[in-house]
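Shown next: data_26.pdb, containing PDB, C-alpha atoms and all ligand atoms.
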```
ATOM      1  CA  MET A   1      12.312 -14.275   5.259
ATOM      2  CA  ALA A   2      13.745 -10.809   4.917
ATOM      3  CA  ARG A   3      12.821  -7.260   5.800
ATOM      4  CA  LEU A   4      12.776  -5.225   2.619
ATOM      5  CA  ASN A   5      13.624  -1.549   2.097
ATOM      6  CA  ILE A   6      10.548   0.643   1.601
ATOM      7  CA  LEU A   7      10.721   3.370  -1.070
ATOM      8  CA  ARG A   8       9.977   6.850   0.251
ATOM      9  CA  TYR A   9       7.909   9.493  -1.549
ATOM     10  CA  PRO A  10       8.793  11.294  -3.859
ATOM     11  CA  ASP A  11      10.817   8.356  -5.248
ATOM     12  CA  PRO A  12       9.779   8.123  -8.938
ATOM     13  CA  ARG A  13       9.760   4.291  -8.736
ATOM     14  CA  LEU A  14       6.558   4.572  -6.646
ATOM     15  CA  HIS A  15       4.813   5.603  -9.874
ATOM     16  CA  THR A  16       5.613   2.354 -11.715
ATOM     17  CA  VAL A  17       2.545   0.372 -12.845
ATOM     18  CA  ALA A  18       2.823  -3.270 -11.681
ATOM     19  CA  ARG A  19       2.385  -6.201 -14.087
ATOM     20  CA  PRO A  20       0.134  -9.191 -13.325
ATOM     21  CA  VAL A  21       1.761 -12.266 -11.778
ATOM     22  CA  ALA A  22       1.944 -15.045 -14.392
ATOM     23  CA  ALA A  23       2.252 -17.958 -11.933
ATOM     24  CA  VAL A  24       2.105 -18.202  -8.142
ATOM     25  CA  ASP A  25       5.425 -20.035  -7.710
ATOM     26  CA  GLY A  26       8.139 -20.218  -5.051
ATOM     27  CA  ARG A  27       9.504 -16.799  -6.002
ATOM     28  CA  ILE A  28       6.097 -15.169  -5.468
ATOM     29  CA  ARG A  29       5.541 -17.030  -2.179
ATOM     30  CA  GLN A  30       8.952 -15.737  -1.001
ATOM     31  CA  LEU A  31       7.948 -12.196  -2.001
ATOM     32  CA  VAL A  32       4.660 -12.593  -0.073
ATOM     33  CA  ASP A  33       6.506 -13.772   3.061
ATOM     34  CA  ASP A  34       8.994 -10.882   2.830
ATOM     35  CA  LEU A  35       6.155  -8.363   2.350
ATOM     36  CA  LEU A  36       4.367  -9.716   5.445
ATOM     37  CA  GLU A  37       7.552  -9.597   7.539
ATOM     38  CA  THR A  38       8.253  -6.033   6.355
ATOM     39  CA  MET A  39       4.649  -4.907   6.990
ATOM     40  CA  TYR A  40       4.580  -6.331  10.555
ATOM     41  CA  ALA A  41       8.083  -5.000  11.358
ATOM     42  CA  ASN A  42       6.892  -1.493  10.412
ATOM     43  CA  ASP A  43       3.480  -1.767  12.159
ATOM     44  CA  GLY A  44       1.675  -1.279   8.845
ATOM     45  CA  VAL A  45      -1.841  -2.474   8.082
ATOM     46  CA  GLY A  46      -0.920  -3.095   4.438
ATOM     47  CA  LEU A  47       1.994  -3.187   2.003
ATOM     48  CA  ALA A  48       2.115  -3.337  -1.793
ATOM     49  CA  ALA A  49       5.013  -4.877  -3.770
ATOM     50  CA  THR A  50       5.497  -1.488  -5.497
ATOM     51  CA  GLN A  51       6.665  -0.034  -2.162
ATOM     52  CA  VAL A  52       9.600  -2.473  -2.060
ATOM     53  CA  ASP A  53      10.478  -1.813  -5.728
ATOM     54  CA  VAL A  54       8.932  -5.036  -7.055
ATOM     55  CA  HIS A  55       6.493  -4.159  -9.821
ATOM     56  CA  GLU A  56       4.143  -7.145  -9.810
ATOM     57  CA  ARG A  57       0.504  -7.234  -8.646
ATOM     58  CA  VAL A  58       0.992  -8.501  -5.081
ATOM     59  CA  LEU A  59      -0.224  -6.903  -1.839
ATOM     60  CA  VAL A  60      -0.574  -7.956   1.791
ATOM     61  CA  MET A  61      -2.822  -6.576   4.542
ATOM     62  CA  ASP A  62      -3.731  -7.189   8.154
ATOM     63  CA  THR A  63      -6.390  -4.898   9.608
ATOM     64  CA  SER A  64      -7.147  -7.185  12.569
ATOM     65  CA  GLU A  65      -6.839  -5.859  16.121
ATOM     66  CA  GLN A  66      -4.536  -8.707  17.177
ATOM     67  CA  ARG A  67      -2.407  -8.452  13.969
ATOM     68  CA  ASP A  68      -2.789 -12.186  13.486
ATOM     69  CA  GLN A  69      -4.891 -12.313  10.289
ATOM     70  CA  PRO A  70      -2.572 -11.864   7.293
ATOM     71  CA  LEU A  71      -4.363 -11.409   3.968
ATOM     72  CA  VAL A  72      -2.530 -11.983   0.684
ATOM     73  CA  MET A  73      -3.875 -10.722  -2.650
ATOM     74  CA  ILE A  74      -2.211 -11.612  -5.949
ATOM     75  CA  ASN A  75      -3.589 -10.062  -9.183
ATOM     76  CA  PRO A  76      -6.386  -8.292  -7.250
ATOM     77  CA  GLU A  77      -9.243  -6.757  -9.243
ATOM     78  CA  ILE A  78     -12.141  -4.703  -7.882
ATOM     79  CA  THR A  79     -15.390  -6.370  -9.007
ATOM     80  CA  TRP A  80     -17.837  -4.009  -7.246
ATOM     81  CA  ARG A  81     -17.713  -0.517  -5.672
ATOM     82  CA  SER A  82     -20.437   0.952  -3.451
ATOM     83  CA  ASP A  83     -22.157   4.129  -4.626
ATOM     84  CA  ASP A  84     -21.493   5.723  -1.259
ATOM     85  CA  PHE A  85     -18.157   7.176  -0.186
ATOM     86  CA  ALA A  86     -16.413   7.593   3.155
ATOM     87  CA  VAL A  87     -13.642   9.901   4.291
ATOM     88  CA  ALA A  88     -10.866   8.484   6.480
ATOM     89  CA  GLU A  89      -7.501   9.625   7.763
ATOM     90  CA  GLU A  90      -4.746   7.809   5.851
ATOM     91  CA  GLY A  91      -1.053   7.278   6.323
ATOM     92  CA  CYS A  92       1.516   5.391   4.243
ATOM     93  CA  LEU A  93       4.798   3.641   5.045
ATOM     94  CA  SER A  94       6.202   5.382   1.931
ATOM     95  CA  VAL A  95       5.096   8.809   3.254
ATOM     96  CA  PRO A  96       6.249   8.604   6.902
ATOM     97  CA  GLN A  97       4.596  10.775   9.550
ATOM     98  CA  ILE A  98       2.121  12.385   7.151
ATOM     99  CA  TYR A  99      -1.595  11.807   7.720
ATOM    100  CA  ASP A 100      -4.510  13.325   5.840
ATOM    101  CA  ARG A 101      -8.119  12.687   4.896
ATOM    102  CA  VAL A 102      -8.988  10.824   1.700
ATOM    103  CA  GLU A 103     -12.422  10.003   0.270
ATOM    104  CA  ARG A 104     -12.917   6.512  -1.128
ATOM    105  CA  HIS A 105     -15.713   4.036  -1.856
ATOM    106  CA  ALA A 106     -17.200   2.902   1.464
ATOM    107  CA  ARG A 107     -17.337  -0.763   0.374
ATOM    108  CA  VAL A 108     -15.624  -2.764  -2.364
ATOM    109  CA  LYS A 109     -15.511  -6.386  -3.472
ATOM    110  CA  VAL A 110     -12.136  -7.619  -4.699
ATOM    111  CA  GLN A 111     -11.305 -10.836  -6.541
ATOM    112  CA  ALA A 112      -7.729 -12.142  -6.130
ATOM    113  CA  LEU A 113      -5.523 -15.204  -5.808
ATOM    114  CA  GLY A 114      -4.245 -16.208  -2.369
ATOM    115  CA  ARG A 115      -0.725 -17.379  -1.442
ATOM    116  CA  ASP A 116      -1.840 -20.886  -2.476
ATOM    117  CA  GLY A 117      -2.799 -19.639  -5.959
ATOM    118  CA  GLN A 118      -6.506 -20.227  -5.310
ATOM    119  CA  PRO A 119      -9.038 -17.503  -6.242
ATOM    120  CA  PHE A 120     -11.170 -15.879  -3.549
ATOM    121  CA  GLU A 121     -13.338 -12.784  -3.137
ATOM    122  CA  LEU A 122     -13.026 -10.211  -0.360
ATOM    123  CA  ASP A 123     -16.026  -8.091   0.670
ATOM    124  CA  ALA A 124     -14.396  -5.141   2.441
ATOM    125  CA  GLU A 125     -15.758  -2.247   4.494
ATOM    126  CA  GLY A 126     -14.335   0.137   7.080
ATOM    127  CA  LEU A 127     -10.540   0.170   7.478
ATOM    128  CA  GLN A 128     -10.185  -2.912   5.273
ATOM    129  CA  ALA A 129     -11.970  -1.152   2.386
ATOM    130  CA  VAL A 130      -9.744   1.915   2.827
ATOM    131  CA  CYS A 131      -6.643  -0.248   2.963
ATOM    132  CA  VAL A 132      -7.355  -2.441  -0.062
ATOM    133  CA  GLN A 133      -8.102   0.636  -2.213
ATOM    134  CA  HIS A 134      -4.910   2.323  -0.922
ATOM    135  CA  GLU A 135      -2.824  -0.799  -1.738
ATOM    136  CA  MET A 136      -4.384  -1.263  -5.178
ATOM    137  CA  ASP A 137      -3.564   2.377  -5.943
ATOM    138  CA  HIS A 138       0.105   1.594  -5.171
ATOM    139  CA  LEU A 139       0.011  -1.207  -7.770
ATOM    140  CA  GLN A 140      -1.175   1.424 -10.295
ATOM    141  CA  GLY A 141       1.689   3.737  -9.313
ATOM    142  CA  LYS A 142      -0.533   6.028  -7.240
ATOM    143  CA  VAL A 143       0.294   7.340  -3.748
ATOM    144  CA  PHE A 144      -2.452   8.754  -1.456
ATOM    145  CA  VAL A 145      -0.898  12.253  -1.461
ATOM    146  CA  GLU A 146      -2.026  12.526  -5.092
ATOM    147  CA  TYR A 147      -5.583  12.972  -3.768
ATOM    148  CA  LEU A 148      -4.489  16.046  -1.786
ATOM    149  CA  SER A 149      -4.112  19.586  -3.138
ATOM    150  CA  ALA A 150      -0.980  20.465  -5.128
ATOM    151  CA  LEU A 151      -0.004  22.823  -2.298
ATOM    152  CA  LYS A 152      -0.155  20.084   0.356
ATOM    153  CA  ARG A 153       1.641  17.645  -1.938
ATOM    154  CA  ASP A 154       4.477  20.098  -2.584
ATOM    155  CA  ARG A 155       4.866  20.733   1.155
ATOM    156  CA  ILE A 156       4.997  16.968   1.795
ATOM    157  CA  ARG A 157       7.559  16.475  -0.990
ATOM    158  CA  THR A 158       9.795  19.224   0.408
ATOM    159  CA  LYS A 159       9.508  17.915   3.986
ATOM    160  CA  LEU A 160      10.359  14.319   3.050
ATOM    161  CA  LEU A 161      13.269  15.337   0.790
ATOM    162  CA  LYS A 162      14.695  17.353   3.699
ATOM    163  CA  LYS A 163      14.179  14.443   6.111
ATOM    164  CA  THR A 164      16.006  12.054   3.761
ATOM    165  CA  ARG A 165      18.846  14.587   3.307
ATOM    166  CA  ASP A 166      19.161  15.083   7.102
ATOM    167  CA  GLU A 167      19.223  11.317   7.709
ATOM    168  CA  LEU A 168      21.965  10.832   5.101
ATOM    169  CA  ARG A 169      24.027  13.667   6.631
ATOM    170  CA  ASP A 170      23.666  12.262  10.172
ATOM    171  CA  ARG A 171      24.875   8.779   9.226
TER
HETATM  172  O1  LIG B 201      -0.019   1.242   7.721
HETATM  173  C1  LIG B 201      -0.808   1.858   7.012
HETATM  174  N1  LIG B 201      -1.887   2.462   7.595
HETATM  175  C2  LIG B 201      -2.921   3.010   6.885
HETATM  176  C3  LIG B 201      -3.819   3.790   7.572
HETATM  177  C4  LIG B 201      -4.897   4.349   6.938
HETATM  178  C5  LIG B 201      -5.079   4.123   5.596
HETATM  179  C6  LIG B 201      -4.187   3.343   4.877
HETATM  180  C7  LIG B 201      -3.110   2.781   5.518
HETATM  181  S1  LIG B 201      -2.018   1.779   4.637
HETATM  182  C8  LIG B 201      -0.560   1.979   5.572
HETATM  183  C9  LIG B 201       0.526   1.052   5.088
HETATM  184  C10 LIG B 201       0.880   1.395   3.657
HETATM  185  O2  LIG B 201       1.535   2.343   3.339
HETATM  186  N2  LIG B 201       0.368   0.638   2.738
HETATM  187  O3  LIG B 201       0.591   0.921   1.444
HETATM  188 NI    NI B 202       0.862   3.047   1.316
END
```
Can you give me the file's structure in the form of structure tokens?
Amino acid sequence: MARLNILRYPDPRLHTVARPVAAVDGRIRQLVDDLLETMYANDGVGLAATQVDVHERVLVMDTSEQRDQPLVMINPEITWRSDDFAVAEEGCLSVPQIYDRVERHARVKVQALGRDGQPFELDAEGLQAVCVQHEMDHLQGKVFVEYLSALKRDRIRTKLLKKTRDELRDR
């Protein structure tokens, strides 16, 4: 297991579109384990491979209260979206300390392969529905700030570039 480095917005690599996984082999299982370790170490409720600069369709989530229900989705595809939408406050490990409201489908069904390579379907609502849509956006190269106004996005970009510069100077 290893903790992986998380790309920070506005890193252009966050806009890479991930390719499907051809086979759930030992390399993919290692990636899954590293994603879970990295997600838990950073107190995240989800993490997409894109965020650790691996551009394959793999994501992990855990929206349980006890943080003891890891969910692994390989080659996830949304098979159904509710007609109704919900607005929720979102954050992102790639956009640290920025939180804003995003509107998404209230419920989605997602088909994917698990860590064992077996297909399953997830019927998600609430935080889990928000999270799986947020993670699947990452796999398409999309970060939640792209739903915000250009003005907000520019302010976020400037703030995070300054933060990264300050951290590098202080090392
Ligand atoms: O940890 C996370 N919390 C969160 C809160 C509201 C909506 C989405 C998320 S996902 C985020 C982790 C992350 O960046 N996943 O890509
Ligand atoms: Ni994110």
- Give as a list of chain:residue names every residue, naming chains and numbers as the document does, that has an atom within 7 Å of (3.3, -3.2, -8.9), counting only C-alpha atoms. A:Thr16, A:Val17, A:Ala18, A:Arg19, A:Ala49, A:Thr50, A:Val54, A:His55, A:Glu56, A:Arg57, A:Val58, A:His138, A:Leu139, A:Gln140
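The space separating CA of Met39 (chain A) from CA of Cys131 (chain A) comes to 12.9 Å.
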How close does each residue of chain A get to ligand NI 202 (chain B), giving the shortest atom pair and distance in Å to one decimal for every residue with an atom at most 9 Å away, counting all atoms listed in the file, sorted by chain and residue number, as JSON lines?
```
{"residue": "A:Gly44", "atom": "CA", "partner": "B:NI202", "partner_atom": "NI", "distance": 8.7}
{"residue": "A:Gly46", "atom": "CA", "partner": "B:NI202", "partner_atom": "NI", "distance": 7.1}
{"residue": "A:Leu47", "atom": "CA", "partner": "B:NI202", "partner_atom": "NI", "distance": 6.4}
{"residue": "A:Ala48", "atom": "CA", "partner": "B:NI202", "partner_atom": "NI", "distance": 7.2}
{"residue": "A:Gln51", "atom": "CA", "partner": "B:NI202", "partner_atom": "NI", "distance": 7.4}
{"residue": "A:Glu90", "atom": "CA", "partner": "B:NI202", "partner_atom": "NI", "distance": 8.6}
{"residue": "A:Gly91", "atom": "CA", "partner": "B:NI202", "partner_atom": "NI", "distance": 6.8}
{"residue": "A:Cys92", "atom": "CA", "partner": "B:NI202", "partner_atom": "NI", "distance": 3.8}
{"residue": "A:Leu93", "atom": "CA", "partner": "B:NI202", "partner_atom": "NI", "distance": 5.5}
{"residue": "A:Ser94", "atom": "CA", "partner": "B:NI202", "partner_atom": "NI", "distance": 5.9}
{"residue": "A:Val95", "atom": "CA", "partner": "B:NI202", "partner_atom": "NI", "distance": 7.4}
{"residue": "A:Cys131", "atom": "CA", "partner": "B:NI202", "partner_atom": "NI", "distance": 8.4}
{"residue": "A:His134", "atom": "CA", "partner": "B:NI202", "partner_atom": "NI", "distance": 6.2}
{"residue": "A:Glu135", "atom": "CA", "partner": "B:NI202", "partner_atom": "NI", "distance": 6.1}
{"residue": "A:Asp137", "atom": "CA", "partner": "B:NI202", "partner_atom": "NI", "distance": 8.5}
{"residue": "A:His138", "atom": "CA", "partner": "B:NI202", "partner_atom": "NI", "distance": 6.7}
{"residue": "A:Val143", "atom": "CA", "partner": "B:NI202", "partner_atom": "NI", "distance": 6.7}
{"residue": "A:Phe144", "atom": "CA", "partner": "B:NI202", "partner_atom": "NI", "distance": 7.2}
```
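The smallest atom-to-atom distance between Gln128 (chain A) and any of A:Asp62, A:Asp154, A:Asp116, A:Asp68, using only C-alpha atoms, is found for A:Asp62.
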Hits of the PyMOL selection byres (((chain A and resi 69) around 12) and not hetatm) in this structure, as an mmCIF file with C-alpha atoms, in the coordinates of the input:
```
data_model
loop_
_atom_site.group_PDB
_atom_site.id
_atom_site.type_symbol
_atom_site.label_atom_id
_atom_site.label_comp_id
_atom_site.auth_asym_id
_atom_site.auth_seq_id
_atom_site.Cartn_x
_atom_site.Cartn_y
_atom_site.Cartn_z
ATOM 1 C CA LEU A 36 4.367 -9.716 5.445
ATOM 2 C CA TYR A 40 4.580 -6.331 10.555
ATOM 3 C CA VAL A 45 -1.841 -2.474 8.082
ATOM 4 C CA GLY A 46 -0.920 -3.095 4.438
ATOM 5 C CA VAL A 60 -0.574 -7.956 1.791
ATOM 6 C CA MET A 61 -2.822 -6.576 4.542
ATOM 7 C CA ASP A 62 -3.731 -7.189 8.154
ATOM 8 C CA THR A 63 -6.390 -4.898 9.608
ATOM 9 C CA SER A 64 -7.147 -7.185 12.569
ATOM 10 C CA GLU A 65 -6.839 -5.859 16.121
ATOM 11 C CA GLN A 66 -4.536 -8.707 17.177
ATOM 12 C CA ARG A 67 -2.407 -8.452 13.969
ATOM 13 C CA ASP A 68 -2.789 -12.186 13.486
ATOM 14 C CA PRO A 70 -2.572 -11.864 7.293
ATOM 15 C CA LEU A 71 -4.363 -11.409 3.968
ATOM 16 C CA VAL A 72 -2.530 -11.983 0.684
ATOM 17 C CA GLN A 128 -10.185 -2.912 5.273
#
```
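The residue that comes closest to ligand LIG 201 (chain B), out of A:Arg81, A:Lys152, A:Lys162, A:Arg104 and on the basis of all atoms listed in the file, is A:Arg104.
For the choices A:Leu59, A:Leu161, A:Met73, A:Val110, the atom-to-atom distance to ligand LIG 201 (chain B) is smallest for A:Leu59 when using only C-alpha atoms and all ligand atoms.
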Find the axis-aligned box for ligand LIG 201 (chain B), covering all its listed atoms and adding 8 Å on each side, and write its centre and edge lengths in Å to one decimal as lines of an AutoDock Vina configuration file.
```
center_x = -1.8
center_y = 2.5
center_z = 4.6
size_x = 22.6
size_y = 19.7
size_z = 22.3
```
- Which residue gives the smallest distance to ligand LIG 201 (chain B) among A:Glu167, A:Glu89, A:Asp11, A:Asp33, with only C-alpha atoms and all ligand atoms counted? A:Glu89
- Item | Selected residue, from A:Thr158, A:Asn42, A:Gln118, A:Thr164, that lies nearest to ligand LIG 201 (chain B) when counting all atoms listed in the file | A:Asn42
- Task: Using the chain letters and numbers from the file, give me the residues hit by the PyMOL selection byres (((chain A and resi 24) around 12) and not hetatm), as a PyMOL selection string.
- Result: chain A and resi 20-23+25-32+56-58+72-75+112-119
Dump C-alpha atoms for the selected residues as a CSV table (one decimal), in the frame of the given file?
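Written out: result_30.csv:
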```
chain,number,residue,atom,x,y,z
A,20,PRO,CA,0.1,-9.2,-13.3
A,21,VAL,CA,1.8,-12.3,-11.8
A,22,ALA,CA,1.9,-15.0,-14.4
A,23,ALA,CA,2.3,-18.0,-11.9
A,25,ASP,CA,5.4,-20.0,-7.7
A,26,GLY,CA,8.1,-20.2,-5.1
A,27,ARG,CA,9.5,-16.8,-6.0
A,28,ILE,CA,6.1,-15.2,-5.5
A,29,ARG,CA,5.5,-17.0,-2.2
A,30,GLN,CA,9.0,-15.7,-1.0
A,31,LEU,CA,7.9,-12.2,-2.0
A,32,VAL,CA,4.7,-12.6,-0.1
A,56,GLU,CA,4.1,-7.1,-9.8
A,57,ARG,CA,0.5,-7.2,-8.6
A,58,VAL,CA,1.0,-8.5,-5.1
A,72,VAL,CA,-2.5,-12.0,0.7
A,73,MET,CA,-3.9,-10.7,-2.6
A,74,ILE,CA,-2.2,-11.6,-5.9
A,75,ASN,CA,-3.6,-10.1,-9.2
A,112,ALA,CA,-7.7,-12.1,-6.1
A,113,LEU,CA,-5.5,-15.2,-5.8
A,114,GLY,CA,-4.2,-16.2,-2.4
A,115,ARG,CA,-0.7,-17.4,-1.4
A,116,ASP,CA,-1.8,-20.9,-2.5
A,117,GLY,CA,-2.8,-19.6,-6.0
A,118,GLN,CA,-6.5,-20.2,-5.3
A,119,PRO,CA,-9.0,-17.5,-6.2
```
- Shortest interatomic distance to Asp84 (chain A) - which of A:Tyr99, A:Ala129, A:Leu151, A:Ala106, counting all atoms listed in the file: A:Ala106
- d(CA of Asp123 (chain A), CA of Leu148 (chain A)) in Å: 26.9 Å
- Item | Output of the PyMOL selection byres (((chain A and resi 10) around 8) and not hetatm), listed as a ChimeraX atom specification | /A:8-9,11-12,14,157,160-161
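Picture a line from atom S1 of ligand LIG 201 (chain B) to CA of Arg13 (chain A); it runs 18.0 Å.
Residues surrounding Thr38 (chain A) within 7 Å are A:Arg3, A:Leu4, A:Asp34, A:Asn42 [only C-alpha atoms; sequence separation below 4 positions excluded].
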